[in-house]
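Student: Hey, dropping structure-v1.csv in here, CSV, C-alpha atoms:
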chain,number,residue,atom,x,y,z
A,167,MET,CA,-30.0,-31.2,-1.7
A,168,ASN,CA,-32.5,-28.6,-3.0
A,169,GLU,CA,-33.0,-28.3,-6.7
A,170,PRO,CA,-32.6,-24.9,-8.2
A,171,ASN,CA,-35.8,-23.0,-8.9
A,172,ALA,CA,-36.2,-22.9,-12.7
A,173,ASP,CA,-38.8,-20.1,-12.3
A,174,ALA,CA,-36.6,-17.8,-10.3
A,175,THR,CA,-36.0,-14.4,-11.9
A,176,PRO,CA,-32.4,-14.0,-12.8
A,177,PRO,CA,-30.5,-10.8,-11.7
A,178,LEU,CA,-30.6,-7.8,-14.1
A,179,VAL,CA,-26.8,-7.9,-14.3
A,180,GLU,CA,-24.4,-10.3,-12.7
A,181,ILE,CA,-20.6,-10.5,-12.8
A,182,SER,CA,-18.6,-13.6,-11.9
A,183,ASP,CA,-14.8,-14.1,-11.5
A,184,LEU,CA,-14.1,-10.7,-13.0
A,185,VAL,CA,-10.5,-9.5,-13.4
A,186,VAL,CA,-9.4,-6.2,-15.0
A,187,VAL,CA,-5.6,-5.8,-15.6
A,188,ARG,CA,-3.8,-2.5,-16.4
A,189,GLY,CA,-0.1,-2.4,-17.0
A,190,ALA,CA,0.4,-6.1,-16.0
A,191,ARG,CA,-1.2,-5.4,-12.6
A,192,PRO,CA,-4.7,-6.5,-11.6
A,193,VAL,CA,-6.7,-3.3,-10.6
A,194,LEU,CA,-10.0,-5.1,-10.0
A,195,ALA,CA,-10.9,-8.6,-9.0
A,196,ILE,CA,-14.6,-9.3,-8.2
A,197,ASP,CA,-15.6,-12.9,-7.4
A,198,HIS,CA,-19.3,-12.3,-7.7
A,199,LEU,CA,-21.8,-9.4,-7.7
A,200,ALA,CA,-25.4,-9.3,-8.8
A,201,LEU,CA,-27.9,-6.5,-9.2
A,202,ALA,CA,-31.7,-7.0,-9.2
A,203,ASP,CA,-34.3,-5.1,-11.2
A,204,ARG,CA,-35.2,-1.8,-9.6
A,205,GLU,CA,-32.4,-2.1,-7.1
A,206,THR,CA,-29.9,0.7,-6.3
A,207,LEU,CA,-26.4,-0.3,-5.4
A,208,ALA,CA,-24.1,2.3,-3.9
A,209,VAL,CA,-20.4,1.6,-4.5
A,210,VAL,CA,-18.0,3.2,-2.0
A,211,GLY,CA,-14.3,2.9,-1.2
A,212,PRO,CA,-11.1,4.9,-0.9
A,213,ASN,CA,-9.7,6.8,-3.9
A,214,GLY,CA,-8.0,4.5,-6.3
A,215,ALA,CA,-9.9,1.4,-4.9
A,216,GLY,CA,-11.3,0.4,-8.3
A,217,LYS,CA,-14.9,1.8,-8.0
A,218,SER,CA,-14.9,3.6,-11.4
A,219,THR,CA,-13.3,0.6,-13.0
A,220,LEU,CA,-16.1,-1.6,-11.7
A,221,LEU,CA,-18.6,0.8,-13.2
A,222,LEU,CA,-16.9,0.8,-16.6
A,223,ALA,CA,-16.6,-3.0,-16.5
A,224,LEU,CA,-20.4,-3.1,-16.0
A,225,ALA,CA,-20.8,-0.9,-19.1
A,226,CYS,CA,-18.4,-3.0,-21.1
A,227,LEU,CA,-16.1,0.0,-21.6
A,228,VAL,CA,-13.0,-1.7,-20.2
A,229,PRO,CA,-11.6,-5.0,-21.4
A,230,LEU,CA,-11.9,-8.0,-19.0
A,231,SER,CA,-8.8,-10.1,-18.6
A,232,ARG,CA,-11.1,-12.8,-17.1
A,233,GLY,CA,-14.7,-13.2,-16.0
A,234,ARG,CA,-18.3,-13.2,-17.2
A,235,LEU,CA,-20.9,-10.5,-17.4
A,236,SER,CA,-24.6,-11.6,-17.7
A,237,PHE,CA,-27.7,-9.6,-18.5
A,238,ARG,CA,-31.0,-11.1,-17.4
A,239,GLY,CA,-29.4,-14.5,-17.2
A,240,SER,CA,-27.7,-14.5,-20.6
A,241,PRO,CA,-23.9,-14.0,-20.9
A,242,VAL,CA,-22.8,-10.8,-22.7
A,243,ALA,CA,-20.3,-12.0,-25.4
A,244,PRO,CA,-18.1,-9.4,-27.1
A,245,ARG,CA,-20.4,-9.4,-30.1
A,246,ASP,CA,-23.3,-8.6,-27.8
A,247,GLU,CA,-21.7,-5.6,-26.1
A,248,LEU,CA,-23.2,-2.9,-28.3
A,249,ALA,CA,-26.7,-4.3,-28.0
A,250,PHE,CA,-26.2,-4.5,-24.2
A,251,ARG,CA,-25.1,-0.9,-23.9
A,252,ARG,CA,-28.4,0.1,-25.4
A,253,HIS,CA,-30.0,-0.9,-22.1
A,254,ILE,CA,-27.6,1.3,-20.1
A,255,GLY,CA,-27.6,5.0,-19.2
A,256,LEU,CA,-24.2,6.3,-18.1
A,257,VAL,CA,-23.4,9.6,-16.3
A,258,LEU,CA,-19.7,10.5,-15.6
A,259,PRO,CA,-18.2,13.0,-13.2
A,260,ASP,CA,-17.7,15.4,-16.2
A,261,PRO,CA,-21.0,15.8,-18.1
A,262,LEU,CA,-19.1,15.9,-21.4
A,263,LEU,CA,-21.9,17.9,-23.1
A,264,LEU,CA,-21.9,18.4,-26.9
A,265,ASN,CA,-21.3,21.9,-28.2
A,266,THR,CA,-25.0,22.3,-29.1
A,267,SER,CA,-28.2,23.3,-27.3
A,268,VAL,CA,-29.4,21.7,-24.1
A,269,PHE,CA,-32.3,20.2,-26.0
A,270,ALA,CA,-30.0,18.7,-28.7
A,271,ASN,CA,-27.7,17.2,-26.0
A,272,VAL,CA,-30.6,15.3,-24.4
A,273,ALA,CA,-32.1,14.4,-27.8
A,274,ALA,CA,-28.8,13.0,-29.2
A,275,GLY,CA,-29.2,9.4,-28.0
A,276,LEU,CA,-32.8,9.2,-29.2
A,277,ARG,CA,-31.9,10.5,-32.7
A,278,PHE,CA,-29.1,8.1,-32.9
A,279,ARG,CA,-31.6,5.3,-32.3
A,280,GLY,CA,-33.9,6.5,-35.0
A,281,VAL,CA,-36.7,7.7,-32.7
A,282,SER,CA,-39.3,9.8,-34.6
A,283,SER,CA,-39.1,13.6,-34.2
A,284,GLY,CA,-42.5,13.8,-32.5
A,285,GLU,CA,-41.5,11.3,-29.8
A,286,VAL,CA,-38.1,12.9,-29.4
A,287,GLU,CA,-39.8,16.3,-28.7
A,288,ALA,CA,-42.1,14.8,-26.2
A,289,ARG,CA,-39.6,12.7,-24.3
A,290,VAL,CA,-36.9,15.4,-24.2
A,291,ALA,CA,-39.3,18.0,-23.0
A,292,GLU,CA,-40.6,15.7,-20.3
A,293,TRP,CA,-37.1,14.9,-18.9
A,294,LEU,CA,-35.9,18.4,-19.1
A,295,GLU,CA,-38.9,19.4,-16.9
A,296,ARG,CA,-38.5,16.5,-14.5
A,297,LEU,CA,-34.9,17.5,-14.0
A,298,GLY,CA,-35.8,21.2,-13.6
A,299,VAL,CA,-34.0,22.5,-16.6
A,300,GLY,CA,-36.8,22.9,-19.1
A,301,HIS,CA,-36.2,26.6,-19.2
A,302,LEU,CA,-32.7,26.0,-20.6
A,303,ARG,CA,-33.7,23.9,-23.6
A,304,ARG,CA,-32.5,26.5,-26.1
A,305,ARG,CA,-29.4,27.6,-24.1
A,306,PRO,CA,-26.0,26.5,-25.4
A,307,ALA,CA,-24.9,23.6,-23.2
A,308,ARG,CA,-21.5,25.2,-22.7
A,309,GLN,CA,-23.1,28.2,-21.1
A,310,ILE,CA,-24.8,26.6,-18.2
A,311,SER,CA,-23.6,26.0,-14.6
A,312,SER,CA,-22.0,22.7,-13.4
A,313,GLY,CA,-25.2,21.8,-11.5
A,314,GLU,CA,-27.3,22.5,-14.5
A,315,ALA,CA,-24.9,20.5,-16.7
A,316,GLN,CA,-25.3,17.5,-14.4
A,317,ARG,CA,-29.1,17.7,-14.6
A,318,VAL,CA,-28.8,17.8,-18.4
A,319,SER,CA,-26.5,14.8,-18.3
A,320,LEU,CA,-29.0,12.9,-16.1
A,321,ALA,CA,-31.8,13.8,-18.5
A,322,ARG,CA,-29.7,12.6,-21.4
A,323,ALA,CA,-29.3,9.2,-19.7
A,324,LEU,CA,-32.9,8.8,-18.4
A,325,VAL,CA,-34.6,9.9,-21.6
A,326,LEU,CA,-33.4,6.6,-23.1
A,327,GLU,CA,-35.5,4.7,-20.6
A,328,PRO,CA,-32.5,2.5,-19.6
A,329,ASP,CA,-32.8,-0.8,-17.7
A,330,LEU,CA,-29.7,0.1,-15.8
A,331,LEU,CA,-28.4,3.6,-14.8
A,332,LEU,CA,-24.7,3.9,-14.1
A,333,LEU,CA,-23.6,7.0,-12.2
A,334,ASP,CA,-19.9,7.7,-11.5
A,335,GLU,CA,-19.5,10.4,-8.8
A,336,PRO,CA,-22.2,12.3,-10.7
A,337,PHE,CA,-22.2,15.3,-8.3
A,338,ALA,CA,-18.5,15.6,-7.5
A,339,SER,CA,-18.0,18.8,-9.4
A,340,VAL,CA,-20.9,20.8,-7.7
A,341,ASP,CA,-21.1,22.8,-4.5
A,342,ALA,CA,-22.6,21.3,-1.3
A,343,ALA,CA,-26.0,23.0,-1.6
A,344,THR,CA,-26.4,22.1,-5.3
A,345,ARG,CA,-25.3,18.6,-4.5
A,346,SER,CA,-27.8,18.2,-1.7
A,347,LYS,CA,-30.7,19.3,-4.1
A,348,LEU,CA,-29.4,17.0,-6.8
A,349,VAL,CA,-29.4,14.0,-4.4
A,350,ASP,CA,-33.0,14.9,-3.3
A,351,ASP,CA,-34.1,14.9,-7.0
A,352,LEU,CA,-32.2,11.7,-7.9
A,353,GLU,CA,-33.7,9.9,-4.9
A,354,LEU,CA,-37.2,10.8,-6.1
A,355,LEU,CA,-36.5,9.9,-9.7
A,356,LEU,CA,-35.1,6.5,-8.7
A,357,HIS,CA,-38.3,5.9,-6.7
A,358,GLU,CA,-40.6,7.0,-9.5
A,359,THR,CA,-38.9,5.3,-12.4
A,360,HIS,CA,-37.8,2.1,-10.6
A,361,VAL,CA,-34.8,2.0,-12.9
A,362,ALA,CA,-31.9,-0.2,-11.5
A,363,CYS,CA,-28.9,1.9,-10.6
A,364,VAL,CA,-25.3,1.6,-9.6
A,365,VAL,CA,-23.9,4.8,-8.2
A,366,VAL,CA,-20.3,5.4,-7.3
A,367,THR,CA,-19.8,7.9,-4.5
A,368,HIS,CA,-17.3,8.8,-1.8
A,369,ASP,CA,-20.0,10.3,0.4
A,370,LEU,CA,-21.3,7.7,2.9
A,371,ASP,CA,-24.4,9.7,3.8
A,372,GLU,CA,-25.3,9.8,0.1
A,373,ALA,CA,-24.6,6.0,-0.2
A,374,VAL,CA,-26.8,5.2,2.8
A,375,ARG,CA,-29.6,7.4,1.5
A,376,LEU,CA,-29.6,6.2,-2.1
A,377,GLY,CA,-28.5,2.6,-1.8
A,378,ASP,CA,-30.7,-0.5,-1.2
A,379,ARG,CA,-27.3,-2.1,-0.7
A,380,MET,CA,-23.8,-0.8,-0.2
A,381,ALA,CA,-20.7,-2.3,-1.8
A,382,VAL,CA,-17.4,-1.5,-0.3
A,383,VAL,CA,-14.4,-1.8,-2.7
A,384,VAL,CA,-10.9,-1.7,-1.2
A,385,GLU,CA,-7.7,-2.3,-3.1
A,386,GLY,CA,-9.6,-3.6,-6.2
A,387,ARG,CA,-11.6,-6.2,-4.3
A,388,LEU,CA,-15.2,-6.3,-3.1
A,389,ARG,CA,-14.8,-6.5,0.7
A,390,GLN,CA,-18.4,-6.3,1.7
A,391,CYS,CA,-21.9,-6.0,0.1
A,392,ASP,CA,-24.9,-5.7,2.3
A,393,VAL,CA,-27.7,-3.3,3.3
A,394,PRO,CA,-26.1,0.0,4.4
A,395,GLU,CA,-27.1,-0.4,8.1
A,396,ARG,CA,-25.3,-3.8,8.3
A,397,VAL,CA,-22.2,-2.5,6.6
A,398,LEU,CA,-22.0,0.4,9.0
A,399,SER,CA,-22.7,-1.6,12.2
A,400,ALA,CA,-20.9,-4.8,11.3
A,401,PRO,CA,-18.0,-4.2,9.0
A,402,PHE,CA,-16.4,-7.3,7.6
A,403,ASP,CA,-12.7,-6.3,8.3
A,404,GLU,CA,-10.5,-3.5,9.5
A,405,ASP,CA,-10.3,-1.8,6.2
A,406,VAL,CA,-14.0,-1.6,5.8
A,407,ALA,CA,-14.4,-0.5,9.4
A,408,ALA,CA,-11.9,2.3,8.9
A,409,PHE,CA,-13.7,3.5,5.7
A,410,VAL,CA,-17.2,3.5,7.1
A,411,GLY,CA,-16.2,5.5,10.2
A,412,ALA,CA,-15.6,3.1,13.0
A,413,GLU,CA,-12.9,5.4,14.4
A,414,THR,CA,-12.2,3.4,17.5
A,415,ARG,CA,-10.5,0.1,16.4
A,416,LEU,CA,-8.7,-1.7,19.2
A,417,PRO,CA,-7.1,-5.2,19.3
A,418,GLY,CA,-8.2,-7.3,22.2
A,419,ARG,CA,-8.9,-10.9,23.3
A,420,VAL,CA,-12.2,-12.5,24.5
A,421,VAL,CA,-11.8,-13.7,28.1
A,422,SER,CA,-15.3,-15.0,28.6
A,423,THR,CA,-18.7,-15.4,26.9
A,424,ARG,CA,-22.0,-15.6,28.7
A,425,ALA,CA,-25.6,-15.4,27.4
A,426,GLY,CA,-24.4,-13.9,24.1
A,427,VAL,CA,-22.2,-11.3,25.6
A,428,ALA,CA,-18.4,-11.4,25.3
A,429,MET,CA,-16.1,-9.9,27.8
A,430,VAL,CA,-13.0,-8.6,26.0
A,431,ASP,CA,-9.7,-7.5,27.5
A,432,VAL,CA,-8.5,-4.5,25.6
A,433,GLY,CA,-5.2,-3.1,26.9
A,434,GLY,CA,-6.2,-3.9,30.5
A,435,CYS,CA,-9.7,-2.6,30.1
A,436,GLN,CA,-12.7,-4.9,30.2
A,437,ILE,CA,-15.2,-4.2,27.5
A,438,GLU,CA,-18.5,-6.0,26.9
A,439,ALA,CA,-19.8,-6.7,23.4
A,440,VAL,CA,-22.8,-8.6,22.1
A,441,SER,CA,-21.1,-11.5,20.4
A,442,ALA,CA,-20.9,-15.3,20.3
A,443,ILE,CA,-17.1,-15.4,19.7
A,444,GLY,CA,-15.6,-17.8,22.2
A,445,PRO,CA,-13.0,-17.2,24.9
A,446,GLY,CA,-9.3,-17.0,23.8
A,447,ARG,CA,-10.0,-15.5,20.4
A,448,ALA,CA,-8.1,-12.4,19.3
A,449,VAL,CA,-10.5,-9.7,18.0
A,450,LEU,CA,-10.6,-6.2,16.8
A,451,CYS,CA,-13.1,-4.1,18.8
A,452,CYS,CA,-14.8,-1.5,16.5
A,453,LEU,CA,-16.9,1.4,17.8
A,454,ARG,CA,-18.5,4.3,15.9
A,455,PRO,CA,-18.0,7.8,17.5
A,456,GLU,CA,-21.8,8.5,17.4
A,457,ASP,CA,-22.3,5.5,19.6
A,458,VAL,CA,-20.2,6.9,22.5
A,459,THR,CA,-21.7,9.2,25.2
A,460,LEU,CA,-19.7,11.5,27.4
A,461,TRP,CA,-20.6,12.5,30.9
A,462,SER,CA,-19.0,15.2,33.0
A,463,GLY,CA,-19.4,16.5,36.5
A,464,VAL,CA,-21.1,13.2,37.6
A,465,VAL,CA,-22.5,13.6,41.0
A,466,GLY,CA,-24.7,11.0,42.8
A,467,GLY,CA,-25.2,9.1,39.6
A,468,SER,CA,-26.6,12.0,37.6
A,469,PRO,CA,-24.8,13.8,34.8
A,470,ALA,CA,-24.1,17.5,35.0
A,471,GLY,CA,-23.6,17.4,31.2
A,472,GLU,CA,-24.5,14.7,28.7
A,473,VAL,CA,-23.9,14.3,25.0
A,474,SER,CA,-26.7,12.7,23.1
A,475,GLY,CA,-26.0,9.3,21.4
A,476,PRO,CA,-26.4,5.6,22.1
A,477,VAL,CA,-24.5,4.2,25.1
A,478,SER,CA,-23.8,1.1,27.0
A,479,GLY,CA,-21.3,-0.2,29.5
A,480,SER,CA,-19.9,-2.1,32.3
A,481,PRO,CA,-17.1,-0.6,34.5
A,482,GLY,CA,-13.6,-0.9,33.1
A,483,THR,CA,-10.3,-0.4,34.7
A,484,SER,CA,-8.2,2.6,33.7
A,485,ALA,CA,-4.9,4.1,34.5
A,486,THR,CA,-6.7,7.4,34.7
A,487,GLY,CA,-8.7,6.6,37.8
A,488,SER,CA,-12.4,6.5,38.2
A,489,LEU,CA,-15.6,8.6,38.3
A,490,PRO,CA,-18.9,7.4,39.9
A,491,ARG,CA,-21.0,5.2,37.7
A,492,VAL,CA,-24.0,6.8,36.1
A,493,VAL,CA,-27.5,5.5,35.9
A,494,SER,CA,-27.6,4.3,32.4
A,495,SER,CA,-28.4,1.3,30.2
A,496,ALA,CA,-24.8,1.4,29.2
A,497,ARG,CA,-22.9,-1.7,30.3
A,498,ASN,CA,-19.5,-0.1,29.4
A,499,GLN,CA,-18.5,2.8,31.6
A,500,LEU,CA,-14.9,4.0,31.5
A,501,PRO,CA,-13.4,7.1,33.2
A,502,GLY,CA,-10.9,9.1,31.2
A,503,ASP,CA,-9.3,12.4,30.2
A,504,VAL,CA,-10.0,14.4,27.1
A,505,SER,CA,-6.8,14.3,25.0
A,506,ARG,CA,-7.8,16.0,21.8
A,507,MET,CA,-10.8,17.9,20.4
A,508,VAL,CA,-11.2,18.6,16.6
A,509,ALA,CA,-14.1,20.7,15.2
A,510,GLN,CA,-15.8,19.1,12.3
A,511,GLY,CA,-18.6,21.5,11.1
A,512,SER,CA,-21.4,21.5,13.7
A,513,LEU,CA,-19.8,18.5,15.5
A,514,VAL,CA,-16.7,18.0,17.6
A,515,ARG,CA,-14.5,14.9,17.4
A,516,VAL,CA,-13.3,14.1,21.0
A,517,THR,CA,-10.5,11.7,21.7
A,518,ILE,CA,-10.5,10.3,25.3
A,519,ASP,CA,-7.7,8.5,27.1
A,520,CYS,CA,-9.2,5.8,29.2
A,521,GLY,CA,-6.0,3.7,29.3
A,522,ILE,CA,-7.2,2.9,25.8
A,523,SER,CA,-8.0,5.6,23.2
A,524,LEU,CA,-11.7,6.1,22.4
A,525,VAL,CA,-13.3,8.6,20.0
A,526,ALA,CA,-16.7,10.3,20.4
A,527,SER,CA,-18.6,12.7,18.2
A,528,ILE,CA,-20.6,15.3,19.9
A,529,THR,CA,-22.3,18.6,19.0
A,530,ARG,CA,-20.5,21.9,19.5
A,531,ALA,CA,-23.4,23.0,21.8
A,532,SER,CA,-22.9,19.9,24.0
A,533,ALA,CA,-19.1,20.4,24.2
A,534,GLU,CA,-19.7,24.0,25.3
A,535,GLU,CA,-22.4,23.1,27.8
A,536,MET,CA,-20.1,20.5,29.4
A,537,GLY,CA,-17.1,22.9,29.3
A,538,LEU,CA,-15.0,20.2,27.6
A,539,GLY,CA,-11.4,20.8,26.9
A,540,PRO,CA,-8.1,19.0,26.7
A,541,GLY,CA,-7.3,17.4,30.1
A,542,GLY,CA,-11.0,17.5,31.2
A,543,ARG,CA,-12.3,14.6,33.2
A,544,VAL,CA,-15.2,12.6,31.7
A,545,LEU,CA,-17.0,9.3,31.9
A,546,VAL,CA,-17.3,7.4,28.6
A,547,THR,CA,-20.3,5.1,28.2
A,548,PHE,CA,-21.4,2.9,25.3
A,549,LYS,CA,-23.7,-0.1,24.8
A,550,ALA,CA,-22.5,-3.7,24.4
A,551,THR,CA,-24.6,-3.7,21.2
A,552,ALA,CA,-22.6,-0.8,19.8
A,553,VAL,CA,-19.3,-2.8,19.9
A,554,HIS,CA,-18.6,-4.9,16.8
A,555,LEU,CA,-16.0,-7.6,17.1
A,556,ILE,CA,-14.0,-8.7,14.1
A,557,PRO,CA,-12.1,-12.0,14.6
A,558,LEU,CA,-8.3,-11.8,14.1
A,559,ALA,CA,-5.7,-14.4,13.4
A,560,GLY,CA,-3.7,-15.5,16.4
Give the structure from the file, written as structure tokens.

Tutor:
Amino acid sequence: MNEPNADATPPLVEISDLVVVRGARPVLAIDHLALADRETLAVVGPNGAGKSTLLLALACLVPLSRGRLSFRGSPVAPRDELAFRRHIGLVLPDPLLLNTSVFANVAAGLRFRGVSSGEVEARVAEWLERLGVGHLRRRPARQISSGEAQRVSLARALVLEPDLLLLDEPFASVDAATRSKLVDDLELLLHETHVACVVVTHDLDEAVRLGDRMAVVVEGRLRQCDVPERVLSAPFDEDVAAFVGAETRLPGRVVSTRAGVAMVDVGGCQIEAVSAIGPGRAVLCCLRPEDVTLWSGVVGGSPAGEVSGPVSGSPGTSATGSLPRVVSSARNQLPGDVSRMVAQGSLVRVTIDCGISLVASITRASAEEMGLGPGGRVLVTFKATAVHLIPLAG
């Protein structure tokens, strides 16, 4: 057995066997979670899943019914909590600014810590400028916009030079354009300062962009924690798959496995997936809509209209009949009929009945070019590598 490395750097913060109870009911139970120096962890999950409770537990702002929080390898005892909080910068959805000037709000924490007036002036001025609100320094904090207020709130946290920055839905109250610019600036600041960060967000794109890792919390439990690409492509269970956008989730059973490719029977359709799961195993087939390609007017193996996106396929049987196969790297190719189309901004969510129900996401322009509409005949293709199998009981 390998001996532990005594020289290994401990995590910045680490929680073990953590339980938070409210009203005699556990609302959060985390077996283990660690954050390294300079790492950004994006915490996502449905509303009420326990994301904000996790953040407050990391800040020692909610009592733990059980568990241990460590900072740089040392347990944080109740008597140490105040000292530990001095290493933390916290930004909540509501900026909660004091009824003073913008400058005084950002300076408050430094003054509380007894920092000299000269240093306060220099550090506050620097962070107001870095957050783009230097021109507001004398403005009453209650008279600035919500986007400006969040910038001031971020400056107030970062001016303290924390080891750990905790952000709870920091941009939830601002409009989409302001939010996009704030995320741009936050991404740059995290890169420049190298401060470790835990950011709670319901926006998956934001989580992928900011997070070195993504933690998915569902029903008070940490279901999966991995690099964002892995969470999106290989969700641990159906709840995670549903949350991260695998809109096609179909139960099936592996009928054969050869050379790392499993053949899965799904409602009478044969679907190929890259997997080592053995024959006879019940599985859930998960497929993201952007990994599905639609073809219409297929003549002689060439598409009259094609929607961009990864594809793969082998022919499957379907009650809807068949279209000619297309020349494609896709091993999965299923004919079907469009059953529903829903506009989602610049994209269209298309549900196709192939004997099984599949979901694709295409651009409005592609939908118009293909002349897609309910009842329209299409060929659905997707790669075996795009199908993720989750083992099921039974």

Student: With only C-alpha atoms as the basis for distance, which of A:Leu263, A:Leu330, A:Leu276, A:Ala439 is at the shortest distance from Gln316 in chain A?

Tutor: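 For Gln316 in chain A, the nearest of the given residues is A:Leu263.
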
Student: Could you pull the residues within 9 Å of Gly433 in chain A, counting only C-alpha atoms, minus those fewer than 6 positions along the same chain, as a list in words?

Tutor: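 Residues meeting the cut-off are Leu416, Pro417, Gly418, Gly521 and Ile522 of chain A.
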
Student: Calculate how many Å separate CA of Phe237 in chain A from CA of Glu180 in chain A, rounding to one decimal.

Tutor: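 Pair CA of Phe237 in chain A / CA of Glu180 in chain A returns 6.7 Å.
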
Student: Counting all atoms listed in the file, which residue out of A:Thr219, A:Thr459, A:Ser240, A:Ser312 sits closest to Ser532 in chain A?

Tutor: A:Thr459

Student: Which one of A:Val406, A:Leu326, A:Ile443, A:Ala428 sits closest to Leu388 in chain A if you count only C-alpha atoms?

Tutor: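 Ranking A:Val406, A:Leu326, A:Ile443, A:Ala428 by distance to Leu388 in chain A, first place goes to A:Val406.
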
Student: So which residues touch Asp351 in chain A within 10 Å, counting all atoms listed in the file, skipping near sequence neighbours fewer than 3 positions away, as a VMD selection string?

Tutor: chain A and resid 296 to 298 317 345 to 348 354 to 357

Student: Take range 536-552 of chain A from the preceding structure and save N, CA and C atoms as a PDB file, in the first residue's frame.

Tutor:
ATOM      1  N   MET A 536     -34.761  23.941 -44.397  1.00  0.00           N
ATOM      2  CA  MET A 536     -35.227  22.576 -44.592  1.00  0.00           C
ATOM      3  C   MET A 536     -36.742  22.496 -44.758  1.00  0.00           C
ATOM      4  N   GLY A 537     -37.420  23.622 -44.484  1.00  0.00           N
ATOM      5  CA  GLY A 537     -38.880  23.598 -44.564  1.00  0.00           C
ATOM      6  C   GLY A 537     -39.498  22.700 -43.514  1.00  0.00           C
ATOM      7  N   LEU A 538     -38.883  22.642 -42.336  1.00  0.00           N
ATOM      8  CA  LEU A 538     -39.372  21.738 -41.290  1.00  0.00           C
ATOM      9  C   LEU A 538     -40.691  22.216 -40.716  1.00  0.00           C
ATOM     10  N   GLY A 539     -41.553  21.269 -40.415  1.00  0.00           N
ATOM     11  CA  GLY A 539     -42.806  21.548 -39.736  1.00  0.00           C
ATOM     12  C   GLY A 539     -43.361  20.259 -39.180  1.00  0.00           C
ATOM     13  N   PRO A 540     -44.319  20.352 -38.258  1.00  0.00           N
ATOM     14  CA  PRO A 540     -44.919  19.139 -37.706  1.00  0.00           C
ATOM     15  C   PRO A 540     -45.414  18.219 -38.812  1.00  0.00           C
ATOM     16  N   GLY A 541     -45.067  16.933 -38.683  1.00  0.00           N
ATOM     17  CA  GLY A 541     -45.443  15.941 -39.681  1.00  0.00           C
ATOM     18  C   GLY A 541     -44.407  15.751 -40.761  1.00  0.00           C
ATOM     19  N   GLY A 542     -43.412  16.635 -40.803  1.00  0.00           N
ATOM     20  CA  GLY A 542     -42.376  16.525 -41.823  1.00  0.00           C
ATOM     21  C   GLY A 542     -41.516  15.289 -41.628  1.00  0.00           C
ATOM     22  N   ARG A 543     -41.065  14.723 -42.749  1.00  0.00           N
ATOM     23  CA  ARG A 543     -40.251  13.503 -42.725  1.00  0.00           C
ATOM     24  C   ARG A 543     -38.775  13.876 -42.674  1.00  0.00           C
ATOM     25  N   VAL A 544     -38.023  13.279 -41.748  1.00  0.00           N
ATOM     26  CA  VAL A 544     -36.601  13.561 -41.615  1.00  0.00           C
ATOM     27  C   VAL A 544     -35.830  12.282 -41.316  1.00  0.00           C
ATOM     28  N   LEU A 545     -34.539  12.372 -41.510  1.00  0.00           N
ATOM     29  CA  LEU A 545     -33.637  11.315 -41.049  1.00  0.00           C
ATOM     30  C   LEU A 545     -32.838  11.897 -39.895  1.00  0.00           C
ATOM     31  N   VAL A 546     -32.789  11.183 -38.779  1.00  0.00           N
ATOM     32  CA  VAL A 546     -32.069  11.607 -37.580  1.00  0.00           C
ATOM     33  C   VAL A 546     -30.762  10.827 -37.510  1.00  0.00           C
ATOM     34  N   THR A 547     -29.649  11.523 -37.362  1.00  0.00           N
ATOM     35  CA  THR A 547     -28.366  10.830 -37.224  1.00  0.00           C
ATOM     36  C   THR A 547     -27.624  11.364 -36.007  1.00  0.00           C
ATOM     37  N   PHE A 548     -26.869  10.500 -35.357  1.00  0.00           N
ATOM     38  CA  PHE A 548     -26.026  10.903 -34.223  1.00  0.00           C
ATOM     39  C   PHE A 548     -24.948   9.845 -34.010  1.00  0.00           C
ATOM     40  N   LYS A 549     -23.814  10.296 -33.501  1.00  0.00           N
ATOM     41  CA  LYS A 549     -22.657   9.416 -33.340  1.00  0.00           C
ATOM     42  C   LYS A 549     -22.801   8.495 -32.138  1.00  0.00           C
ATOM     43  N   ALA A 550     -22.154   7.355 -32.229  1.00  0.00           N
ATOM     44  CA  ALA A 550     -22.127   6.431 -31.093  1.00  0.00           C
ATOM     45  C   ALA A 550     -21.408   7.061 -29.906  1.00  0.00           C
ATOM     46  N   THR A 551     -20.459   7.944 -30.186  1.00  0.00           N
ATOM     47  CA  THR A 551     -19.741   8.618 -29.103  1.00  0.00           C
ATOM     48  C   THR A 551     -20.608   9.650 -28.394  1.00  0.00           C
ATOM     49  N   ALA A 552     -21.711  10.079 -29.028  1.00  0.00           N
ATOM     50  CA  ALA A 552     -22.588  11.084 -28.432  1.00  0.00           C
ATOM     51  C   ALA A 552     -23.571  10.472 -27.451  1.00  0.00           C
TER      52      ALA A 552
END
